[in-house]
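Data block below; observations after.
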Amino acid sequence: MNIYVLLKKTFDTEEKIVVSDGRIEDDSAEYIINPYDEYAVEEAINQRDEHGGEVTVVTVGDEDSEKQLRTALAMGADKAVLIDTEDDLEEGDQYTTAEILAAYFEDKEADLILAGNVAIDEASGQVGPRLAEKLDIPFVTTIVDLSVDGETVYIEKDVEGDVEKVESTLPLLVTCQQGLNEPRYPSLPGIMKAKKKPLEELEIDDLDLDEDDLEPKTKTIDIFLPPEKEAGRILEGEVEDQVKELVSLLKDEAKVL
Amino acid sequence: MFDLTREQRMIQKMVREFAEEVIQPEAIMIDKEAKFPEHIFKQMGELGLMGIPFPEKYGGSDGDTISYAIAVEEIGRVCGSTGLSYAANVSLGASPIYYFGTEEQKETYLVPMAEGKALGSFGLTEPNAGSDAGGTRTKAVLDGDMYVINGEKCFITNASFAKTIIVTAVTGKDDKGKNIISALVVPTDTEGLTITSNYDKMGVRGSDTAEIVLENVRVPKENLLGDPQKGFKQFLYTLDGGRISIAALGVGIAQASLEKALAYAKERTQFGNSISKFQAIQFKLSDMAMEVELARNMLYKAAWLKDKEKPFTKEAAYAKLFATETAFRSANQAIQIHGGYGYMREYEVERYLRDAKLLEIGEGTSEVQRMVIARQLGC
């Protein structure tokens with residue numbers, strides 16, 4: 001099977017986000033593989049080990065994205081592709097990324113494309129489905145189980161806590177939800193071998209794309225942090241008085257009643 | 001020199017995640033129950049941690065000494081017991097076979113250790129001999145094609161769980177009438193070998209420590225390790241390497257002490273302020289942070305010299321001495337900053353102190369490190 005994984009680097013979940021001048025400061029930030037994309041990498045490796053074939057990890061990012069790609073290679077992926085847009089694109093959105101990926105996949109024969117359910121930074125969950133539409137292949141989002149039998153694919157999909165069973169065919173794009181698998185730690189031999197695995201670097205020119213074709217379809221109006229959580233209040237006194245006070249607070253102060 | 005390679009960073013990240021997710025939740029129990037965490041060692045083996053500094057053809061991961069030191073630091077940061085058993089397995093159990101073993105010995109003994117399928121142990125210390133290896137009384141006498149070994153070893157890390165023990169023994173006398181000390185590989189299922197671990201220790205309680213009695217233990221003469229005349233030099237080289245790993249463990253415990261103390265100081269409020277705003281606490285934290293960084297720099301330098309195949313005896317002693325004393329001081333100050341809470345097991349810093357104390361003793365006491373340094377200075 002020709003298996004591809006769409007991977008994005010995101011802020012480390014332990015990172016403190018700082019916003020200044022309407023921009024997120026990322027100078028000293030630590031980046032990780034988007035946690036949902038880790039499920040995709042793990043699943044791709046498992047499917048390859050079961051059915052044979054090759055796992056290629058693709059990212060649209062900048063030169064620093066190599067780190068996350070190498071980690072995926074250390075986990076066991078076979079090849080990596082870095083589409084570096086840093087010099088060509090000022091800004092982009094899900095449309096931009098999907099267009100670039102569609103151009104990349106134009107001459108590929110992908111059997112299975114795996115992506116994360118969402119990226120934990122912008123959480124749009126759009127890139128996977130948009131790409132599938134462009135490639136005119138079926139897609140299933142938020143999967144928690146996947147088995148491939150010939151051309152038929154059996155999927156369990158998370159629907160708000162319930163499970164929906166879906167059958168589809170290859171080629172197919174899926175997005176991965178928590179619970180699909182337990183991503184492995186890259187092993188030591190894996191880490192040492194990762195540096196020798198092929199990593200192809202491309203720019204939008206190589207994909208016959210032009211900056212104008214990739215203009216984002218969305219505009220960012222403002223970036224701000226959520227309001228700081230204020231300390232809670234504990235009501236005291238007789239239960240009856242507490243209830244009265246609570247109702248009046250919900251009415252007058254919180255204005256939710 | 002002042003930056004890690006991409007592989008070293010990846011190893012650091014992987015081992016840190018593994019240590020925090022798998023070892024950390026068990027660290028208090030490992031100490032309390034003094035139980036060697038076999039299942040954790042199995043996972044560490046599967047990740048290739050046991051084979052970091054050995055080549056691929058011997059089942060290793062082809063990493064360098066700096067990568068290995070980073071791994072020991074990260075494991076020691078969450079659990080001194082696991083860190084010590086790990087360091088002893090690689091530096092003392094496996095390394096001598098890699099450095100001095102024949103091709104056949106490497107195939108037989110090193111490969112399973114590097115692949116994490118077997119643990120190894122190094123039996124040097126005796127009731128009357130340790131750093132003073134000249135006092136070794138265990139004897140190995142050649143009888144036909146077999147060595148017959150008799151003697152006693154004490155404080156041997158990992159022995160109860162090891163598949164092989166490298167045992168030092170007197171095999172004869174040189175021209176000047178001085179004892180020749182050699183090393184022999186003894187499989188632990190050999191008849192006449194008794195291993196008991198009854199020690200009730202102050203710290204590193206989850207790391208196995210055993211007494212070994214050898215009574216007419218017979219091993220083939222091919223089990224002699226390395227040059228029979230240069231046994232002593234071999235231990236010195238082995239111990240130099242071991243010191244790097246103990247230094248790494250010290251850096252790990254010191255780092256953990258700093259992190260716990262800093263987090264607590266920021267969160268604890270007294271006299272209307274978080275105690276991290278008080279100069280008395282700030283100065284402690286500043287000293288800890290500085291010493292941890294200095295210890296780590298010395299550790300990396302010693303490891304780097306070893307990787308470059310340059311002399312590193314003095315630097316390994318510097319690193320071991322400074323890092324382990326830093327670990328003890330940092331753990332002590334971490335308890336002090338925690339006040340009464342720090343004295344409680346739940347807060348973990350008291351364990352750091354107990355674990356750190358061993359590091360000032362094992363693989364050459366602080367005093368022996370100073371002797372090693374003085375000798376290097378030409379005293």
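Identifiers in this document derive from the order of the structure tokens: chains are assigned A, B, ..., residues are numbered from 1 separately in each chain, and ligands are numbered from 1 in order of occurrence.
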*Got a sec: who's within 8 Å of Thr196 in chain B, counting only C-alpha atoms, leaving out chain neighbours fewer than 2 positions off, as a ChimeraX atom specification?*
/B:160,194,198,210-212
Output N, CA and C atoms of each residue in that selection to a file, as a PDB file, in the first residue's frame.
ATOM      1  N   SER B 160      21.329  -9.806  41.148  1.00  0.00           N
ATOM      2  CA  SER B 160      20.221 -10.775  41.273  1.00  0.00           C
ATOM      3  C   SER B 160      19.431 -10.931  39.981  1.00  0.00           C
ATOM      4  N   THR B 194      26.418 -18.102  44.477  1.00  0.00           N
ATOM      5  CA  THR B 194      25.242 -17.768  45.277  1.00  0.00           C
ATOM      6  C   THR B 194      25.084 -16.252  45.316  1.00  0.00           C
ATOM      7  N   ASN B 198      20.091  -8.931  50.429  1.00  0.00           N
ATOM      8  CA  ASN B 198      19.405  -8.661  51.694  1.00  0.00           C
ATOM      9  C   ASN B 198      19.661  -7.258  52.217  1.00  0.00           C
ATOM     10  N   ALA B 210      23.547  -6.697  45.554  1.00  0.00           N
ATOM     11  CA  ALA B 210      23.643  -8.088  46.037  1.00  0.00           C
ATOM     12  C   ALA B 210      25.033  -8.435  46.544  1.00  0.00           C
ATOM     13  N   GLU B 211      25.037  -9.478  47.342  1.00  0.00           N
ATOM     14  CA  GLU B 211      26.274 -10.120  47.787  1.00  0.00           C
ATOM     15  C   GLU B 211      26.458 -11.364  46.934  1.00  0.00           C
ATOM     16  N   ILE B 212      27.703 -11.652  46.609  1.00  0.00           N
ATOM     17  CA  ILE B 212      27.950 -12.822  45.772  1.00  0.00           C
ATOM     18  C   ILE B 212      28.995 -13.704  46.461  1.00  0.00           C
TER      19      ILE B 212
END
*Find the spatial neighbours of Asp210 in chain A, counting only C-alpha atoms, within a cut-off of 12 Å - ignore same-chain residues fewer than 4 positions away - and output them as a PyMOL selection string.*
chain A and resi 85+88-89+96+99-100+103+203-206+214-215
Selection above as a file: all heavy atoms, as a compact mmCIF listing (two decimals), in the first residue's frame:
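What landed in selection-v2.txt:
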# COMPACT_ATOMS: atom_id res chain seq x y z
N THR A 85 7.22 26.68 2.56
CA THR A 85 6.56 27.84 1.97
C THR A 85 7.05 29.15 2.60
O THR A 85 6.51 30.21 2.31
CB THR A 85 5.03 27.76 2.21
OG1 THR A 85 4.80 27.70 3.63
CG2 THR A 85 4.43 26.53 1.56
N ASP A 88 8.02 31.94 0.17
CA ASP A 88 7.08 32.29 -0.90
C ASP A 88 5.76 32.86 -0.41
O ASP A 88 5.14 33.65 -1.10
CB ASP A 88 6.78 31.06 -1.76
CG ASP A 88 8.05 30.55 -2.43
OD1 ASP A 88 8.86 31.40 -2.85
OD2 ASP A 88 8.25 29.34 -2.50
N LEU A 89 5.32 32.41 0.74
CA LEU A 89 3.98 32.80 1.18
C LEU A 89 4.04 33.64 2.45
O LEU A 89 4.69 33.26 3.42
CB LEU A 89 3.12 31.56 1.45
CG LEU A 89 2.86 30.62 0.26
CD1 LEU A 89 1.97 29.47 0.71
CD2 LEU A 89 2.23 31.36 -0.90
N THR A 96 -5.15 27.33 1.47
CA THR A 96 -3.78 27.35 0.95
C THR A 96 -3.13 25.98 1.08
O THR A 96 -2.58 25.43 0.11
CB THR A 96 -2.93 28.38 1.75
OG1 THR A 96 -3.68 29.59 1.87
CG2 THR A 96 -1.61 28.62 1.10
N GLU A 99 -4.65 23.34 -1.16
CA GLU A 99 -4.26 23.54 -2.57
C GLU A 99 -2.85 23.00 -2.82
O GLU A 99 -2.59 22.35 -3.83
CB GLU A 99 -4.29 25.03 -2.94
CG GLU A 99 -5.67 25.61 -3.10
CD GLU A 99 -6.43 25.03 -4.30
OE1 GLU A 99 -5.87 25.01 -5.41
OE2 GLU A 99 -7.57 24.57 -4.09
N ILE A 100 -1.94 23.32 -1.88
CA ILE A 100 -0.55 22.87 -2.05
C ILE A 100 -0.49 21.34 -2.04
O ILE A 100 0.15 20.71 -2.88
CB ILE A 100 0.35 23.45 -0.92
CG1 ILE A 100 0.44 24.98 -1.07
CG2 ILE A 100 1.73 22.83 -0.97
CD1 ILE A 100 1.07 25.68 0.11
N ALA A 103 -1.78 19.77 -5.19
CA ALA A 103 -0.79 19.83 -6.27
C ALA A 103 0.27 18.74 -6.07
O ALA A 103 0.70 18.09 -7.01
CB ALA A 103 -0.13 21.21 -6.31
N GLU A 203 9.51 23.39 -2.95
CA GLU A 203 8.90 24.71 -2.77
C GLU A 203 7.71 24.78 -3.73
O GLU A 203 7.57 23.91 -4.60
CB GLU A 203 9.92 25.81 -3.04
CG GLU A 203 11.01 25.79 -2.00
CD GLU A 203 11.95 26.99 -2.08
OE1 GLU A 203 11.69 27.90 -2.90
OE2 GLU A 203 12.93 27.00 -1.32
N ILE A 204 6.89 25.83 -3.57
CA ILE A 204 5.66 25.85 -4.39
C ILE A 204 5.97 25.91 -5.89
O ILE A 204 5.20 25.40 -6.69
CB ILE A 204 4.68 26.98 -3.97
CG1 ILE A 204 5.35 28.32 -4.02
CG2 ILE A 204 4.11 26.71 -2.59
CD1 ILE A 204 4.34 29.47 -3.86
N ASP A 205 7.14 26.47 -6.24
CA ASP A 205 7.57 26.47 -7.64
C ASP A 205 7.63 25.06 -8.19
O ASP A 205 7.24 24.80 -9.34
CB ASP A 205 8.99 27.05 -7.75
CG ASP A 205 8.95 28.56 -7.85
OD1 ASP A 205 7.82 29.09 -7.83
OD2 ASP A 205 10.03 29.17 -7.95
N ASP A 206 8.20 24.16 -7.39
CA ASP A 206 8.36 22.77 -7.84
C ASP A 206 7.02 22.11 -8.10
O ASP A 206 6.95 21.09 -8.77
CB ASP A 206 9.11 21.95 -6.78
CG ASP A 206 10.47 22.56 -6.46
OD1 ASP A 206 11.20 22.87 -7.42
OD2 ASP A 206 10.79 22.75 -5.27
N LEU A 214 -2.69 30.83 -4.22
CA LEU A 214 -2.75 30.28 -2.87
C LEU A 214 -3.23 31.28 -1.84
O LEU A 214 -3.15 31.03 -0.63
CB LEU A 214 -1.37 29.74 -2.47
CG LEU A 214 -0.83 28.63 -3.37
CD1 LEU A 214 0.63 28.34 -3.06
CD2 LEU A 214 -1.66 27.36 -3.25
N GLU A 215 -3.69 32.43 -2.31
CA GLU A 215 -4.14 33.45 -1.36
C GLU A 215 -5.20 32.90 -0.43
O GLU A 215 -6.14 32.26 -0.87
CB GLU A 215 -4.71 34.65 -2.14
CG GLU A 215 -3.64 35.42 -2.82
CD GLU A 215 -3.76 36.91 -2.60
OE1 GLU A 215 -4.78 37.33 -1.99
OE2 GLU A 215 -2.87 37.63 -3.03
*What are the residues of chain A that have an atom within 7 Å of an atom of chain B, counting only C-alpha atoms, as a list in words?*
Tyr185, Pro186, Ser187, Leu188, Pro189, Ile191 and Met192 of chain A
*Looking only at the backbone, which of the residues in range 86-333 of chain B does DSSP tag as alpha helix (DSSP H), as a PyMOL selection string?*
chain B and resi 86-87+95-100+103-105+111-114+231-267+279-307+313-333
Preceding selection exported with C-alpha atoms as a short mmCIF file (atom, residue, chain, number, x, y, z; two decimals), in the first residue's frame:
data_model
loop_
_atom_site.label_atom_id
_atom_site.label_comp_id
_atom_site.auth_asym_id
_atom_site.auth_seq_id
_atom_site.Cartn_x
_atom_site.Cartn_y
_atom_site.Cartn_z
CA TYR B 86 20.47 1.47 34.00
CA ALA B 87 23.88 3.14 34.28
CA SER B 95 30.91 -1.88 28.32
CA PRO B 96 33.85 -4.03 29.50
CA ILE B 97 32.79 -6.77 27.10
CA TYR B 98 32.53 -4.25 24.28
CA TYR B 99 35.96 -2.75 25.02
CA PHE B 100 37.95 -5.84 25.95
CA GLU B 103 34.46 -11.28 18.93
CA GLU B 104 32.91 -14.45 20.32
CA GLN B 105 32.37 -12.95 23.79
CA VAL B 111 24.46 -8.62 21.97
CA PRO B 112 21.69 -9.74 24.39
CA MET B 113 22.63 -6.93 26.79
CA ALA B 114 22.67 -4.26 24.10
CA GLY B 231 43.26 -6.56 33.97
CA PHE B 232 43.89 -3.65 36.29
CA LYS B 233 44.17 -1.09 33.49
CA GLN B 234 40.92 -2.41 32.07
CA PHE B 235 39.03 -1.72 35.29
CA LEU B 236 40.44 1.75 35.47
CA TYR B 237 39.15 2.45 31.97
CA THR B 238 35.81 0.85 32.81
CA LEU B 239 35.50 2.90 35.99
CA ASP B 240 36.38 6.12 34.14
CA GLY B 241 33.42 5.43 31.85
CA GLY B 242 31.22 4.48 34.79
CA ARG B 243 32.01 7.81 36.43
CA ILE B 244 30.53 9.65 33.47
CA SER B 245 27.28 7.76 33.97
CA ILE B 246 27.19 8.46 37.72
CA ALA B 247 27.86 12.12 36.98
CA ALA B 248 24.88 12.03 34.61
CA LEU B 249 22.74 10.55 37.33
CA GLY B 250 23.88 13.35 39.65
CA VAL B 251 22.92 15.97 37.08
CA GLY B 252 19.51 14.32 36.76
CA ILE B 253 18.81 14.36 40.49
CA ALA B 254 20.13 17.91 40.83
CA GLN B 255 17.93 19.05 37.94
CA ALA B 256 14.88 17.38 39.50
CA SER B 257 15.65 19.06 42.85
CA LEU B 258 15.89 22.45 41.17
CA GLU B 259 12.64 21.99 39.27
CA LYS B 260 10.69 20.83 42.32
CA ALA B 261 12.12 23.58 44.53
CA LEU B 262 11.45 26.32 41.97
CA ALA B 263 7.87 25.19 41.34
CA TYR B 264 7.17 24.97 45.05
CA ALA B 265 8.78 28.33 45.83
CA LYS B 266 6.60 30.04 43.23
CA GLU B 267 3.43 28.48 44.51
CA GLN B 279 16.05 36.72 48.71
CA ALA B 280 16.91 33.89 51.10
CA ILE B 281 15.05 31.47 48.80
CA GLN B 282 16.17 33.18 45.59
CA PHE B 283 19.84 32.78 46.46
CA LYS B 284 19.38 29.09 47.10
CA LEU B 285 17.62 28.66 43.75
CA SER B 286 20.27 30.72 41.94
CA ASP B 287 23.07 28.61 43.36
CA MET B 288 21.24 25.41 42.48
CA ALA B 289 20.57 26.51 38.91
CA MET B 290 24.19 27.59 38.42
CA GLU B 291 25.64 24.40 39.85
CA VAL B 292 23.35 22.17 37.80
CA GLU B 293 24.44 23.94 34.62
CA LEU B 294 28.13 23.74 35.53
CA ALA B 295 27.82 20.06 36.41
CA ARG B 296 26.09 19.36 33.11
CA ASN B 297 28.77 21.21 31.17
CA MET B 298 31.51 19.16 32.85
CA LEU B 299 29.54 15.98 32.19
CA TYR B 300 29.18 16.78 28.50
CA LYS B 301 32.85 17.66 28.25
CA ALA B 302 33.98 14.37 29.79
CA ALA B 303 31.59 12.46 27.51
CA TRP B 304 32.77 14.44 24.50
CA LEU B 305 36.42 13.66 25.26
CA LYS B 306 35.58 9.97 25.51
CA ASP B 307 33.75 10.11 22.17
CA THR B 313 40.21 10.27 33.33
CA LYS B 314 40.59 13.62 35.05
CA GLU B 315 37.49 15.16 33.49
CA ALA B 316 35.36 12.11 34.36
CA ALA B 317 36.50 12.46 37.97
CA TYR B 318 35.75 16.20 37.94
CA ALA B 319 32.30 15.50 36.52
CA LYS B 320 31.50 12.69 38.93
CA LEU B 321 32.74 14.59 41.98
CA PHE B 322 31.07 17.89 41.15
CA ALA B 323 27.79 16.51 39.80
CA THR B 324 27.18 14.12 42.68
CA GLU B 325 28.03 16.71 45.33
CA THR B 326 25.80 19.15 43.46
CA ALA B 327 23.02 16.56 43.54
CA PHE B 328 23.37 16.20 47.30
CA ARG B 329 23.47 19.96 47.92
CA SER B 330 20.55 20.63 45.57
CA ALA B 331 18.40 17.90 47.08
CA ASN B 332 19.21 19.18 50.56
CA GLN B 333 18.26 22.74 49.62
#
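One distance worth recording is that between CA of Asn2 in chain A and CA of Lys196 in chain A, which is 20.6 Å.
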*asked:* Let's see if you can do this: from backbone DSSP, list all strand (DSSP E) residues in range 36-255 of chain A, as a ChimeraX atom specification.
replied: /A:54-61,79-84,112-116,139-149,152-159,162-169,172-176,199-202
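Here CA of Arg354 in chain B is placed at a distance of 4.5 Å from CA of Gly203 in chain B.
If only C-alpha atoms are the atoms counted, then among A:Ala254, A:Ala115, A:Ala194, A:Val163 the closest residue to Phe139 in chain A is A:Ala115.
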*Between CA of Lys35 in chain B and CA of Ile337 in chain B, what is the distance, to one decimal in Å?*
29.3 Å
